[in-house]
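Source file input_34.txt; content: compact mmCIF, C-alpha atoms.
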```txt
# COMPACT_ATOMS: atom_id res chain seq x y z
CA MET A 1 -93.87 162.52 -102.43
CA THR A 2 -93.69 160.68 -105.78
CA SER A 3 -95.10 157.19 -106.11
CA PRO A 4 -92.53 154.37 -106.39
CA PRO A 5 -92.14 152.78 -109.86
CA LEU A 6 -94.38 149.77 -110.41
CA LEU A 7 -93.56 146.39 -111.93
CA ARG A 8 -94.92 145.61 -115.41
CA ARG A 9 -98.04 143.45 -115.74
CA GLU A 10 -97.10 140.34 -117.75
CA ILE A 11 -99.01 137.38 -116.24
CA GLY A 12 -102.42 136.08 -117.42
CA VAL A 13 -104.85 133.55 -115.87
CA PHE A 14 -102.95 130.50 -117.13
CA GLY A 15 -99.57 131.75 -115.95
CA ALA A 16 -100.95 132.88 -112.58
CA THR A 17 -102.67 129.51 -112.05
CA LEU A 18 -99.44 127.64 -112.74
CA MET A 19 -97.57 130.01 -110.40
CA GLY A 20 -100.05 129.01 -107.71
CA LEU A 21 -99.70 125.30 -108.51
CA GLY A 22 -95.91 125.63 -108.55
CA SER A 23 -96.04 127.09 -105.05
CA ILE A 24 -98.54 124.54 -103.69
CA VAL A 25 -97.65 121.25 -105.37
CA GLY A 26 -94.23 120.83 -103.85
CA THR A 27 -93.03 120.13 -100.34
CA GLY A 28 -96.64 119.90 -99.18
CA VAL A 29 -97.77 117.04 -101.36
CA PHE A 30 -94.49 115.12 -101.14
CA VAL A 31 -94.07 115.54 -97.38
CA SER A 32 -97.08 116.93 -95.54
CA ILE A 33 -99.60 114.24 -96.54
CA GLY A 34 -97.21 111.59 -95.23
CA ILE A 35 -96.65 113.36 -91.91
CA ALA A 36 -100.38 114.01 -91.49
CA ALA A 37 -101.19 110.37 -92.29
CA GLY A 38 -98.73 109.27 -89.62
CA ILE A 39 -100.51 111.50 -87.08
CA SER A 40 -104.17 110.81 -87.88
CA GLY A 41 -104.16 107.56 -89.88
CA PRO A 42 -106.99 107.11 -92.42
CA SER A 43 -108.77 110.21 -91.11
CA VAL A 44 -106.09 112.19 -92.96
CA ILE A 45 -108.64 112.17 -95.80
CA ILE A 46 -110.89 114.38 -93.63
CA ALA A 47 -107.86 116.47 -92.60
CA VAL A 48 -107.17 117.13 -96.28
CA ALA A 49 -110.78 118.25 -96.73
CA ILE A 50 -110.69 120.52 -93.64
CA GLY A 51 -107.44 122.06 -94.84
CA ALA A 52 -109.03 122.63 -98.24
CA VAL A 53 -112.11 124.38 -96.78
CA VAL A 54 -109.97 126.74 -94.70
CA ALA A 55 -107.65 127.36 -97.64
CA ILE A 56 -110.58 128.07 -100.00
CA CYS A 57 -111.93 130.71 -97.58
CA ASN A 58 -108.48 132.26 -97.36
CA GLY A 59 -107.97 131.97 -101.09
CA PHE A 60 -111.13 133.86 -101.98
CA ASN A 61 -110.41 136.51 -99.35
CA SER A 62 -106.88 136.88 -100.72
CA ALA A 63 -108.35 137.13 -104.22
CA GLN A 64 -110.71 139.99 -103.43
CA LEU A 65 -108.02 141.87 -101.51
CA ALA A 66 -105.54 141.46 -104.37
CA ALA A 67 -108.15 142.43 -106.95
CA ASN A 68 -108.82 145.72 -105.13
CA HIS A 69 -105.21 146.40 -104.10
CA PRO A 70 -103.03 144.72 -106.77
CA VAL A 71 -99.52 145.57 -105.57
CA SER A 72 -96.56 143.44 -104.52
CA GLY A 73 -96.50 142.34 -100.89
CA GLY A 74 -99.70 140.35 -100.35
CA THR A 75 -101.06 140.41 -96.80
CA TYR A 76 -98.25 142.73 -95.68
CA GLU A 77 -99.80 145.42 -97.90
CA TYR A 78 -103.41 144.50 -97.06
CA GLY A 79 -102.66 144.78 -93.34
CA TYR A 80 -101.26 148.28 -93.83
CA LYS A 81 -104.11 149.46 -96.07
CA TYR A 82 -107.13 147.95 -94.34
CA LEU A 83 -105.98 147.41 -90.72
CA ASN A 84 -102.93 149.18 -89.21
CA HIS A 85 -99.16 149.26 -89.62
CA TRP A 86 -98.60 146.88 -86.69
CA LEU A 87 -100.68 144.05 -88.17
CA GLY A 88 -99.30 144.77 -91.63
CA PHE A 89 -95.76 144.45 -90.37
CA ILE A 90 -96.54 141.25 -88.43
CA ALA A 91 -97.88 139.69 -91.65
CA GLY A 92 -94.72 140.56 -93.58
CA TRP A 93 -92.47 139.48 -90.69
CA MET A 94 -94.16 136.09 -90.30
CA PHE A 95 -94.00 135.51 -94.04
CA LEU A 96 -90.26 136.25 -94.19
CA LEU A 97 -89.48 134.04 -91.19
CA ALA A 98 -91.47 131.03 -92.32
CA LYS A 99 -90.74 131.14 -96.03
CA SER A 100 -87.01 131.89 -95.90
CA ALA A 101 -86.45 128.72 -93.89
CA SER A 102 -88.89 126.85 -96.15
CA ALA A 103 -86.93 127.97 -99.22
CA ALA A 104 -83.66 126.69 -97.74
CA THR A 105 -85.40 123.44 -96.82
CA ALA A 106 -86.70 123.13 -100.39
CA ALA A 107 -83.18 123.67 -101.75
CA LEU A 108 -81.75 121.01 -99.43
CA GLY A 109 -84.72 118.77 -100.25
CA PHE A 110 -84.07 119.11 -103.98
CA ALA A 111 -80.40 118.27 -103.44
CA GLY A 112 -81.26 115.29 -101.25
CA TYR A 113 -83.78 113.86 -103.71
CA LEU A 114 -81.43 114.34 -106.67
CA LEU A 115 -78.39 112.83 -104.94
CA ASN A 116 -80.47 109.97 -103.57
CA ALA A 117 -81.47 109.06 -107.12
CA PHE A 118 -77.75 108.62 -107.92
CA GLY A 119 -77.01 106.76 -104.68
CA ILE A 120 -74.98 109.64 -103.19
CA ASN A 121 -75.28 110.35 -99.46
CA ASN A 122 -72.69 113.02 -98.68
CA GLN A 123 -73.23 116.19 -96.65
CA THR A 124 -70.76 118.28 -98.65
CA TRP A 125 -72.38 117.36 -101.96
CA LEU A 126 -75.79 118.00 -100.41
CA VAL A 127 -74.90 121.59 -99.49
CA LEU A 128 -73.07 122.31 -102.76
CA THR A 129 -75.96 121.00 -104.86
CA ALA A 130 -78.48 123.01 -102.84
CA LEU A 131 -76.37 126.17 -103.20
CA THR A 132 -76.19 125.62 -106.95
CA ALA A 133 -79.98 125.40 -107.13
CA VAL A 134 -80.34 128.64 -105.15
CA VAL A 135 -77.85 130.48 -107.38
CA VAL A 136 -79.39 129.25 -110.65
CA LEU A 137 -82.98 130.03 -109.65
CA THR A 138 -81.99 133.42 -108.22
CA ILE A 139 -80.50 134.23 -111.64
CA VAL A 140 -83.71 133.02 -113.31
CA VAL A 141 -85.80 135.33 -111.10
CA LEU A 142 -83.39 138.21 -111.75
CA SER A 143 -83.98 137.72 -115.49
CA GLY A 144 -87.62 138.79 -115.08
CA ILE A 145 -91.08 137.44 -114.39
CA ARG A 146 -91.63 136.21 -117.97
CA ARG A 147 -88.66 133.83 -117.90
CA SER A 148 -89.53 132.81 -114.32
CA ASN A 149 -93.07 132.02 -115.48
CA PHE A 150 -91.81 129.89 -118.40
CA THR A 151 -89.43 127.96 -116.12
CA ASN A 152 -92.27 127.41 -113.65
CA ILE A 153 -94.57 125.99 -116.37
CA ILE A 154 -91.98 123.33 -117.27
CA ILE A 155 -91.37 122.42 -113.61
CA VAL A 156 -95.08 122.19 -112.73
CA SER A 157 -95.89 120.11 -115.82
CA ILE A 158 -93.34 117.44 -114.88
CA THR A 159 -94.47 117.40 -111.23
CA LEU A 160 -98.18 117.10 -112.08
CA PHE A 161 -97.49 114.31 -114.59
CA SER A 162 -95.64 112.24 -111.97
CA LEU A 163 -98.41 112.73 -109.39
CA VAL A 164 -101.19 111.88 -111.85
CA MET A 165 -99.37 108.65 -112.76
CA PHE A 166 -99.02 107.82 -109.05
CA ILE A 167 -102.78 108.24 -108.62
CA LEU A 168 -103.69 106.24 -111.73
CA VAL A 169 -101.45 103.31 -110.74
CA GLY A 170 -102.86 103.40 -107.19
CA VAL A 171 -106.53 103.37 -108.27
CA PRO A 172 -106.67 99.53 -108.67
CA GLN A 173 -105.49 99.07 -105.08
CA VAL A 174 -108.14 101.52 -103.91
CA VAL A 175 -110.79 99.43 -105.67
CA TRP A 176 -109.43 96.04 -104.56
CA SER A 177 -109.03 97.04 -100.91
CA ALA A 178 -112.78 97.67 -100.58
CA GLY A 179 -112.12 99.90 -97.56
CA GLU A 180 -110.20 97.30 -95.52
CA ASN A 181 -107.30 99.66 -94.82
CA LEU A 182 -109.60 102.46 -93.69
CA MET A 183 -110.28 100.86 -90.29
CA PRO A 184 -109.96 102.08 -87.63
CA PHE A 185 -110.71 105.37 -89.33
CA PHE A 186 -109.90 107.40 -86.16
CA PRO A 187 -106.96 105.60 -84.49
CA GLY A 188 -105.17 106.58 -81.27
CA ASP A 189 -106.22 107.83 -77.84
CA LYS A 190 -107.03 111.40 -78.95
CA PRO A 191 -108.47 111.05 -82.45
CA ILE A 192 -110.03 114.54 -82.63
CA ALA A 193 -106.85 116.28 -81.49
CA SER A 194 -104.84 114.21 -83.99
CA LEU A 195 -107.29 115.08 -86.75
CA LEU A 196 -107.08 118.82 -86.03
CA GLN A 197 -103.29 118.74 -85.82
CA ALA A 198 -103.19 116.93 -89.16
CA ALA A 199 -105.63 119.49 -90.61
CA ALA A 200 -103.33 122.34 -89.51
CA LEU A 201 -100.40 120.64 -91.26
CA MET A 202 -102.46 119.99 -94.39
CA PHE A 203 -103.57 123.62 -94.51
CA VAL A 204 -99.92 124.60 -94.97
CA ALA A 205 -99.76 122.29 -97.99
CA TYR A 206 -102.39 124.47 -99.72
CA THR A 207 -101.01 127.90 -98.94
CA GLY A 208 -99.01 128.57 -102.08
CA TYR A 209 -102.05 130.23 -103.68
CA GLY A 210 -101.04 133.35 -101.76
CA ARG A 211 -98.14 133.69 -104.19
CA ILE A 212 -100.68 134.76 -106.83
CA ALA A 213 -101.76 137.64 -104.59
CA THR A 214 -98.16 138.45 -103.70
CA LEU A 215 -97.47 138.90 -107.43
CA GLY A 216 -100.60 141.02 -107.86
CA GLU A 217 -98.66 143.97 -109.24
CA GLU A 218 -97.48 141.85 -112.19
CA VAL A 219 -100.85 140.33 -113.16
CA LYS A 220 -102.88 141.57 -116.14
CA GLU A 221 -106.45 142.71 -115.32
CA PRO A 222 -106.04 141.80 -111.62
CA ARG A 223 -109.73 142.10 -110.69
CA ARG A 224 -110.56 139.41 -113.24
CA THR A 225 -107.36 137.36 -113.35
CA ILE A 226 -106.53 136.90 -109.65
CA PRO A 227 -109.88 135.43 -108.47
CA ARG A 228 -110.03 133.07 -111.47
CA ALA A 229 -106.45 131.91 -111.02
CA ILE A 230 -106.90 131.28 -107.29
CA ALA A 231 -110.19 129.42 -107.86
CA LEU A 232 -108.65 127.20 -110.57
CA THR A 233 -105.56 126.57 -108.43
CA MET A 234 -107.64 125.50 -105.42
CA ILE A 235 -109.92 123.20 -107.44
CA VAL A 236 -107.01 121.36 -109.10
CA THR A 237 -105.04 121.13 -105.84
CA CYS A 238 -107.98 119.86 -103.76
CA LEU A 239 -108.78 117.10 -106.27
CA LEU A 240 -105.11 116.15 -106.46
CA TYR A 241 -104.59 116.04 -102.69
CA MET A 242 -107.77 114.09 -101.99
CA SER A 243 -106.79 111.49 -104.60
CA ILE A 244 -103.24 111.17 -103.23
CA ALA A 245 -104.54 110.93 -99.64
CA VAL A 246 -106.84 108.03 -100.58
CA VAL A 247 -104.03 106.18 -102.39
CA THR A 248 -101.70 106.88 -99.45
CA VAL A 249 -104.12 105.39 -96.93
CA VAL A 250 -105.00 102.22 -98.84
CA VAL A 251 -101.37 101.05 -99.07
CA GLY A 252 -101.58 100.21 -95.37
CA GLN A 253 -100.52 101.58 -92.01
CA GLU A 254 -97.05 100.04 -92.15
CA VAL A 255 -96.12 102.07 -95.21
CA ILE A 256 -97.75 105.19 -93.73
CA ASN A 257 -95.51 104.85 -90.67
CA LYS A 258 -92.44 104.60 -92.89
CA LEU A 259 -93.72 107.57 -94.87
CA SER A 260 -94.14 109.76 -91.80
CA GLN A 261 -90.63 108.91 -90.64
CA ALA A 262 -88.95 109.47 -94.03
CA ASP A 263 -86.04 111.93 -94.00
CA VAL A 264 -87.06 114.84 -96.20
CA SER A 265 -83.49 115.49 -97.32
CA LEU A 266 -82.80 111.88 -98.29
CA ALA A 267 -85.89 110.33 -99.91
CA ALA A 268 -89.19 111.48 -101.33
CA PRO A 269 -91.98 110.19 -99.05
CA LEU A 270 -94.30 109.29 -101.94
CA GLU A 271 -91.42 107.32 -103.40
CA VAL A 272 -91.52 105.18 -100.24
CA ILE A 273 -95.17 104.41 -100.93
CA ALA A 274 -94.56 103.68 -104.59
CA ARG A 275 -91.62 101.40 -103.78
CA VAL A 276 -92.70 99.70 -100.53
CA GLY A 277 -96.47 99.80 -101.01
CA GLY A 278 -96.40 97.39 -103.90
CA LEU A 279 -97.93 99.54 -106.59
CA GLY A 280 -96.57 97.00 -109.04
CA VAL A 281 -95.06 99.35 -111.64
CA PRO A 282 -91.24 99.61 -111.32
CA VAL A 283 -91.03 102.93 -113.17
CA ILE A 284 -93.38 104.75 -110.76
CA PRO A 285 -90.85 105.19 -107.89
CA LYS A 286 -88.39 106.72 -110.37
CA LEU A 287 -91.10 108.94 -111.81
CA ILE A 288 -92.07 110.09 -108.32
CA ALA A 289 -88.40 110.84 -107.56
CA ILE A 290 -88.23 113.02 -110.69
CA GLY A 291 -91.49 114.72 -109.68
CA ALA A 292 -90.11 115.35 -106.20
CA VAL A 293 -86.98 116.95 -107.64
CA THR A 294 -88.97 119.27 -109.92
CA ALA A 295 -91.46 120.01 -107.12
CA MET A 296 -88.68 121.20 -104.83
CA LEU A 297 -87.33 123.40 -107.63
CA GLY A 298 -90.81 124.82 -108.17
CA VAL A 299 -91.19 125.62 -104.48
CA LEU A 300 -87.76 127.27 -104.36
CA LEU A 301 -88.43 129.33 -107.50
CA ASN A 302 -91.79 130.57 -106.29
CA LEU A 303 -90.52 131.30 -102.77
CA ILE A 304 -87.69 133.45 -104.17
CA LEU A 305 -90.32 135.30 -106.22
CA GLY A 306 -92.73 135.70 -103.29
CA LEU A 307 -90.11 136.64 -100.69
CA SER A 308 -88.52 139.24 -102.97
CA ARG A 309 -91.91 140.88 -103.63
CA VAL A 310 -92.74 141.08 -99.91
CA LEU A 311 -89.27 142.51 -99.26
CA LEU A 312 -89.88 145.01 -102.08
CA ALA A 313 -93.09 146.15 -100.36
CA MET A 314 -91.33 146.41 -96.98
CA GLY A 315 -88.58 148.51 -98.57
CA ARG A 316 -91.17 150.88 -100.03
CA ARG A 317 -92.63 151.39 -96.55
CA ARG A 318 -89.18 151.71 -94.91
CA ASP A 319 -89.69 148.63 -92.73
CA VAL A 320 -86.35 147.58 -94.23
CA PRO A 321 -83.75 149.88 -95.91
CA LYS A 322 -85.28 151.78 -98.84
CA VAL A 323 -82.55 150.66 -101.27
CA ILE A 324 -84.11 147.16 -101.26
CA ALA A 325 -87.11 148.56 -103.16
CA ARG A 326 -85.12 149.48 -106.28
CA LEU A 327 -86.23 148.01 -109.64
CA ASN A 328 -84.11 147.18 -112.67
CA SER A 329 -84.19 149.51 -115.69
CA GLU A 330 -86.95 147.49 -117.42
CA GLN A 331 -89.05 147.58 -114.22
CA THR A 332 -89.55 143.82 -114.31
CA THR A 333 -87.56 142.80 -111.22
CA PRO A 334 -86.78 144.20 -107.75
CA TYR A 335 -83.20 143.09 -108.28
CA ILE A 336 -81.75 144.09 -104.90
CA ALA A 337 -84.60 142.34 -103.05
CA VAL A 338 -84.03 139.20 -105.15
CA ILE A 339 -80.29 139.24 -104.41
CA VAL A 340 -80.90 139.76 -100.66
CA VAL A 341 -83.36 136.86 -100.63
CA GLY A 342 -80.97 134.63 -102.59
CA VAL A 343 -78.08 135.41 -100.21
CA ALA A 344 -80.27 134.81 -97.14
CA ILE A 345 -81.44 131.44 -98.44
CA ALA A 346 -77.88 130.47 -99.40
CA PHE A 347 -76.70 131.36 -95.89
CA LEU A 348 -79.37 129.11 -94.36
CA VAL A 349 -78.40 126.32 -96.78
CA LEU A 350 -74.74 126.62 -95.62
CA ILE A 351 -75.83 125.63 -92.13
CA GLY A 352 -76.53 122.29 -93.78
CA ASP A 353 -79.54 121.16 -91.80
CA VAL A 354 -82.30 123.74 -92.13
CA LYS A 355 -85.41 121.67 -91.38
CA THR A 356 -88.04 123.94 -89.95
CA THR A 357 -90.81 121.62 -88.84
CA TRP A 358 -94.16 121.66 -90.58
CA SER A 359 -95.68 122.61 -87.25
CA PHE A 360 -93.58 125.80 -87.05
CA SER A 361 -94.50 126.64 -90.64
CA ALA A 362 -98.15 125.93 -89.87
CA PHE A 363 -98.29 128.39 -86.97
CA ASN A 364 -96.59 131.18 -88.90
CA VAL A 365 -98.72 130.69 -91.99
CA LEU A 366 -101.98 130.42 -90.03
CA ILE A 367 -101.28 133.74 -88.26
CA TYR A 368 -100.38 135.29 -91.62
CA TYR A 369 -103.68 134.20 -93.15
CA ALA A 370 -105.67 135.17 -90.06
CA ILE A 371 -104.53 138.73 -90.80
CA THR A 372 -105.55 138.22 -94.46
CA ASN A 373 -109.08 137.28 -93.45
CA PHE A 374 -109.27 140.12 -90.92
CA ALA A 375 -108.26 142.59 -93.64
CA ALA A 376 -110.92 141.16 -95.99
CA LEU A 377 -113.59 141.97 -93.39
CA LYS A 378 -112.70 145.65 -93.82
CA LEU A 379 -113.54 145.74 -97.53
CA SER A 380 -116.44 148.00 -98.48
CA SER A 381 -119.55 146.58 -100.12
CA GLU A 382 -118.39 148.00 -103.48
CA GLU A 383 -114.98 146.32 -103.16
CA ARG A 384 -116.32 142.98 -101.93
CA LEU A 385 -116.45 140.10 -104.42
CA TYR A 386 -117.61 137.37 -102.01
CA PRO A 387 -119.88 137.13 -98.92
CA LYS A 388 -118.55 138.63 -95.69
CA TRP A 389 -119.06 135.37 -93.78
CA LEU A 390 -116.13 133.87 -95.74
CA GLY A 391 -113.86 136.33 -93.93
CA TRP A 392 -115.26 135.43 -90.51
CA LEU A 393 -115.02 131.69 -91.24
CA GLY A 394 -111.44 131.98 -92.49
CA LEU A 395 -110.36 134.12 -89.52
CA ALA A 396 -111.91 131.80 -86.93
CA ALA A 397 -110.54 128.66 -88.61
CA CYS A 398 -106.98 130.02 -88.84
CA LEU A 399 -106.85 131.12 -85.20
CA PHE A 400 -108.46 127.86 -84.06
CA LEU A 401 -106.07 125.59 -85.99
CA ALA A 402 -102.97 127.65 -85.08
CA PHE A 403 -103.10 126.49 -81.47
CA TRP A 404 -103.47 122.80 -82.26
CA VAL A 405 -99.79 122.58 -83.16
CA GLU A 406 -97.35 121.66 -80.38
CA GLN A 407 -97.31 124.15 -77.48
CA GLN A 408 -93.59 124.93 -77.76
CA ILE A 409 -94.06 125.79 -81.43
CA TRP A 410 -96.69 128.47 -80.93
CA LEU A 411 -94.83 129.84 -77.90
CA VAL A 412 -91.74 130.32 -80.09
CA GLY A 413 -93.98 131.85 -82.76
CA LEU A 414 -95.42 134.37 -80.32
CA ALA A 415 -91.90 135.23 -79.10
CA LEU A 416 -90.80 135.90 -82.69
CA ILE A 417 -93.81 138.17 -83.24
CA LEU A 418 -92.65 140.18 -80.20
CA VAL A 419 -89.10 140.42 -81.61
CA GLY A 420 -90.50 141.67 -84.91
CA LEU A 421 -92.63 144.32 -83.23
CA ILE A 422 -89.60 145.60 -81.29
CA TRP A 423 -87.66 145.91 -84.58
CA HIS A 424 -90.63 147.68 -86.22
CA SER A 425 -90.85 150.17 -83.37
CA LEU A 426 -87.11 150.88 -83.34
CA ILE A 427 -86.70 151.38 -87.09
CA HIS A 428 -89.66 153.75 -87.33
CA ARG A 429 -88.37 155.71 -84.35
CA LEU A 430 -85.03 156.11 -86.14
CA ILE A 431 -86.74 157.19 -89.37
CA ASN A 432 -88.83 159.82 -87.58
CA GLU A 433 -85.90 161.31 -85.69
```
Would you write out, as structure tokens, the structure that this file holds?
Amino acid sequence: MTSPPLLRREIGVFGATLMGLGSIVGTGVFVSIGIAAGISGPSVIIAVAIGAVVAICNGFNSAQLAANHPVSGGTYEYGYKYLNHWLGFIAGWMFLLAKSASAATAALGFAGYLLNAFGINNQTWLVLTALTAVVVLTIVVLSGIRRSNFTNIIIVSITLFSLVMFILVGVPQVVWSAGENLMPFFPGDKPIASLLQAAALMFVAYTGYGRIATLGEEVKEPRRTIPRAIALTMIVTCLLYMSIAVVTVVVGQEVINKLSQADVSLAAPLEVIARVGGLGVPVIPKLIAIGAVTAMLGVLLNLILGLSRVLLAMGRRRDVPKVIARLNSEQTTPYIAVIVVGVAIAFLVLIGDVKTTWSFSAFNVLIYYAITNFAALKLSSEERLYPKWLGWLGLAACLFLAFWVEQQIWLVGLALILVGLIWHSLIHRLINE
């Protein structure tokens, strides 16, 4: 049996790092910090740190897996290679479920933020604008990884600039407050449960680094590039999130409550802080709105990239029809997988209200990364780049946090895993007959 054609390697450390930042610094920073702050109050600062620790473990484990097995598909491929086909399939299945809905949400979010900036609140325009974004970015991804990378650099640069300005303008309030708005630090009747739930939500806000591993087949010198890119991505993101969490908390509980209740499709949560929190600089809310728009585009672009590469890997293994694994003549794009992903996202956008909760995303992503860490434990001593205890810590943390989301969420998640396993069993039975 001949090996399938591979994608060309065109991404260096800088490009891979910005791919990671483009995947992370999006819906998470503009939405998840606000929701988590509404759940745990000032202790969201600790939740951000817990999420970072778990994500760093997962990031390094993803890095060493991708460095040793640099093909498209991420944990779907690692599960197959280092564990078994059942766990490999579950990883791919959970990724497709969570991220397809997230991509549609990002498209609707982009449309909502953009239309809100022009004072337009119309459902038809919301859907049409979101569909336009999906079509344009699908075409960008079809044009190849190099053009996708260039587009991502522009998007991430604008987003990071807006967030850095938000932090800098908020620093004086942090200094003047002298910790007054940090008390009570653990509010509510169940502060530990609230903290852990917030930590699970914040973990999701870090998980875009996996896109670097998912694109492992297109990275130059993967054993060197992937670990460096993931490490740089996590350092920048952790510093950014901690700074934003502190600024978010010091504006006061009243604004945090408004932030946690903000409609994702209508207004950028950080814009609520900038406008209502009295940051004192009129241009900042507008700058945050622009950053939110570009952030949603960055998330959508990187999700189309990541989903198409996982679908490519699943096509190669016949978990989906083999035709999906075809590459274009230049071998730079799995064009059928990209089109399938674009159509699926567009279909979800047409429903008009695709708002998968952060809790649902958290459960799916935590199970996905639990499999990542489990696979990392199977690396040989020659393949291993980092201590084995990182794998055990990441695995335990993911499974622990997964069940701190609402009970109905993880019950639905377990039911969807069962549905996926039934599909996997049926399709392989048909192939073998």
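Among A:Phe203, A:Phe185, A:Phe89, A:Trp125, the residue with the shortest atom-to-atom distance to A:Ala55, counting all atoms listed in the file, is A:Phe203.
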| said: If we count all atoms listed in the file and set the cut-off at 9 Å, which residues sit around A:Thr129, ignoring sequence neighbours fewer than 4 positions away in its own chain? Please answer as a ChimeraX atom specification. | reply: /A:107-108,110-112,114-115,124-125,133-134
| said: Can you tell me which residues surround A:Ala325 at a distance of at most 8 Å, considering all atoms listed in the file, apart from same-chain residues fewer than 6 positions away, and format the answer as a PyMOL selection string? | reply: chain A and resi 311-316+334+336-337
Produce a file of the selected residues containing C-alpha atoms, as a tab-separated table (two decimals), in the coordinates of the input.
```
chain	number	residue	atom	x	y	z
A	311	LEU	CA	-89.27	142.51	-99.26
A	312	LEU	CA	-89.88	145.01	-102.08
A	313	ALA	CA	-93.09	146.15	-100.36
A	314	MET	CA	-91.33	146.41	-96.98
A	315	GLY	CA	-88.58	148.51	-98.57
A	316	ARG	CA	-91.17	150.88	-100.03
A	334	PRO	CA	-86.78	144.20	-107.75
A	336	ILE	CA	-81.75	144.09	-104.90
A	337	ALA	CA	-84.60	142.34	-103.05
```
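For the set A:Gly394, A:Ala289, A:Gly144, A:Ile304, the residue with the smallest atom-to-atom gap to A:Ala344 is A:Ile304, counting all atoms listed in the file.
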| message | Given only C-alpha atoms as the basis, pick out the residue of A:Tyr386, A:Phe374, A:Phe161, A:Trp404 nearest to A:Ile192. | response | A:Trp404
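Among A:Lys286, A:Asp189, A:Arg309, A:Lys378, the residue with the shortest atom-to-atom distance to A:Ser40, counting all atoms listed in the file, is A:Asp189.
In this structure, atom CA of A:Ser100 sits 6.1 Å away from atom CA of A:Ile345.
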| request: Select, from A:His428, A:Ala49, A:Ile417, A:Gly92, the residue with the minimum atom-to-atom distance to A:Leu195, counting only C-alpha atoms. | output: A:Ala49
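If you measure from each of A:Pro172, A:Gly208, A:Gly41, A:Gly109 to A:Lys190 using only C-alpha atoms, the closest one turns out to be A:Gly41.
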| said: Between atom CA of A:Gly298 and atom CA of A:Leu160, what is the distance in Å, rounded to a tenth? | reply: 11.4 Å
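Rounded to one decimal, atom CA of A:Pro222 and atom CA of A:Thr159 lie 27.0 Å from each other.
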| task | Pick out the residues sitting within 9 Å of A:Leu196, and hand them over as number ranges by chain; count all atoms listed in the file, and ignore anything fewer than 4 positions along from it in its own chain. | result | A: 40, 47, 50, 191-192, 200-201, 401, 404-405
| said: So that I can check the surroundings of A:Ala36, please list as a PyMOL selection string every protein, DNA and RNA residue that reaches within 7 Å of it, counting all atoms listed in the file and ignoring chain neighbours fewer than 5 positions away. | reply: chain A and resi 44+198+201-202
Within 9 Å of A:Asn364, counting only C-alpha atoms, which residues show up once you throw out same-chain ones fewer than 5 positions away? Write them as a PDB file with C-alpha atoms, in the frame of the given file, please.
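Ended up saving to part-v7.pdb:
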```
ATOM      1  CA  MET A  94     -94.160 136.090 -90.300  1.00  0.00           C
ATOM      2  CA  PHE A  95     -94.000 135.510 -94.040  1.00  0.00           C
ATOM      3  CA  LEU A  97     -89.480 134.040 -91.190  1.00  0.00           C
ATOM      4  CA  ALA A  98     -91.470 131.030 -92.320  1.00  0.00           C
ATOM      5  CA  SER A 359     -95.680 122.610 -87.250  1.00  0.00           C
ATOM      6  CA  TYR A 369    -103.680 134.200 -93.150  1.00  0.00           C
ATOM      7  CA  ALA A 402    -102.970 127.650 -85.080  1.00  0.00           C
ATOM      8  CA  TRP A 410     -96.690 128.470 -80.930  1.00  0.00           C
ATOM      9  CA  GLY A 413     -93.980 131.850 -82.760  1.00  0.00           C
TER      10      GLY A 413
END
```
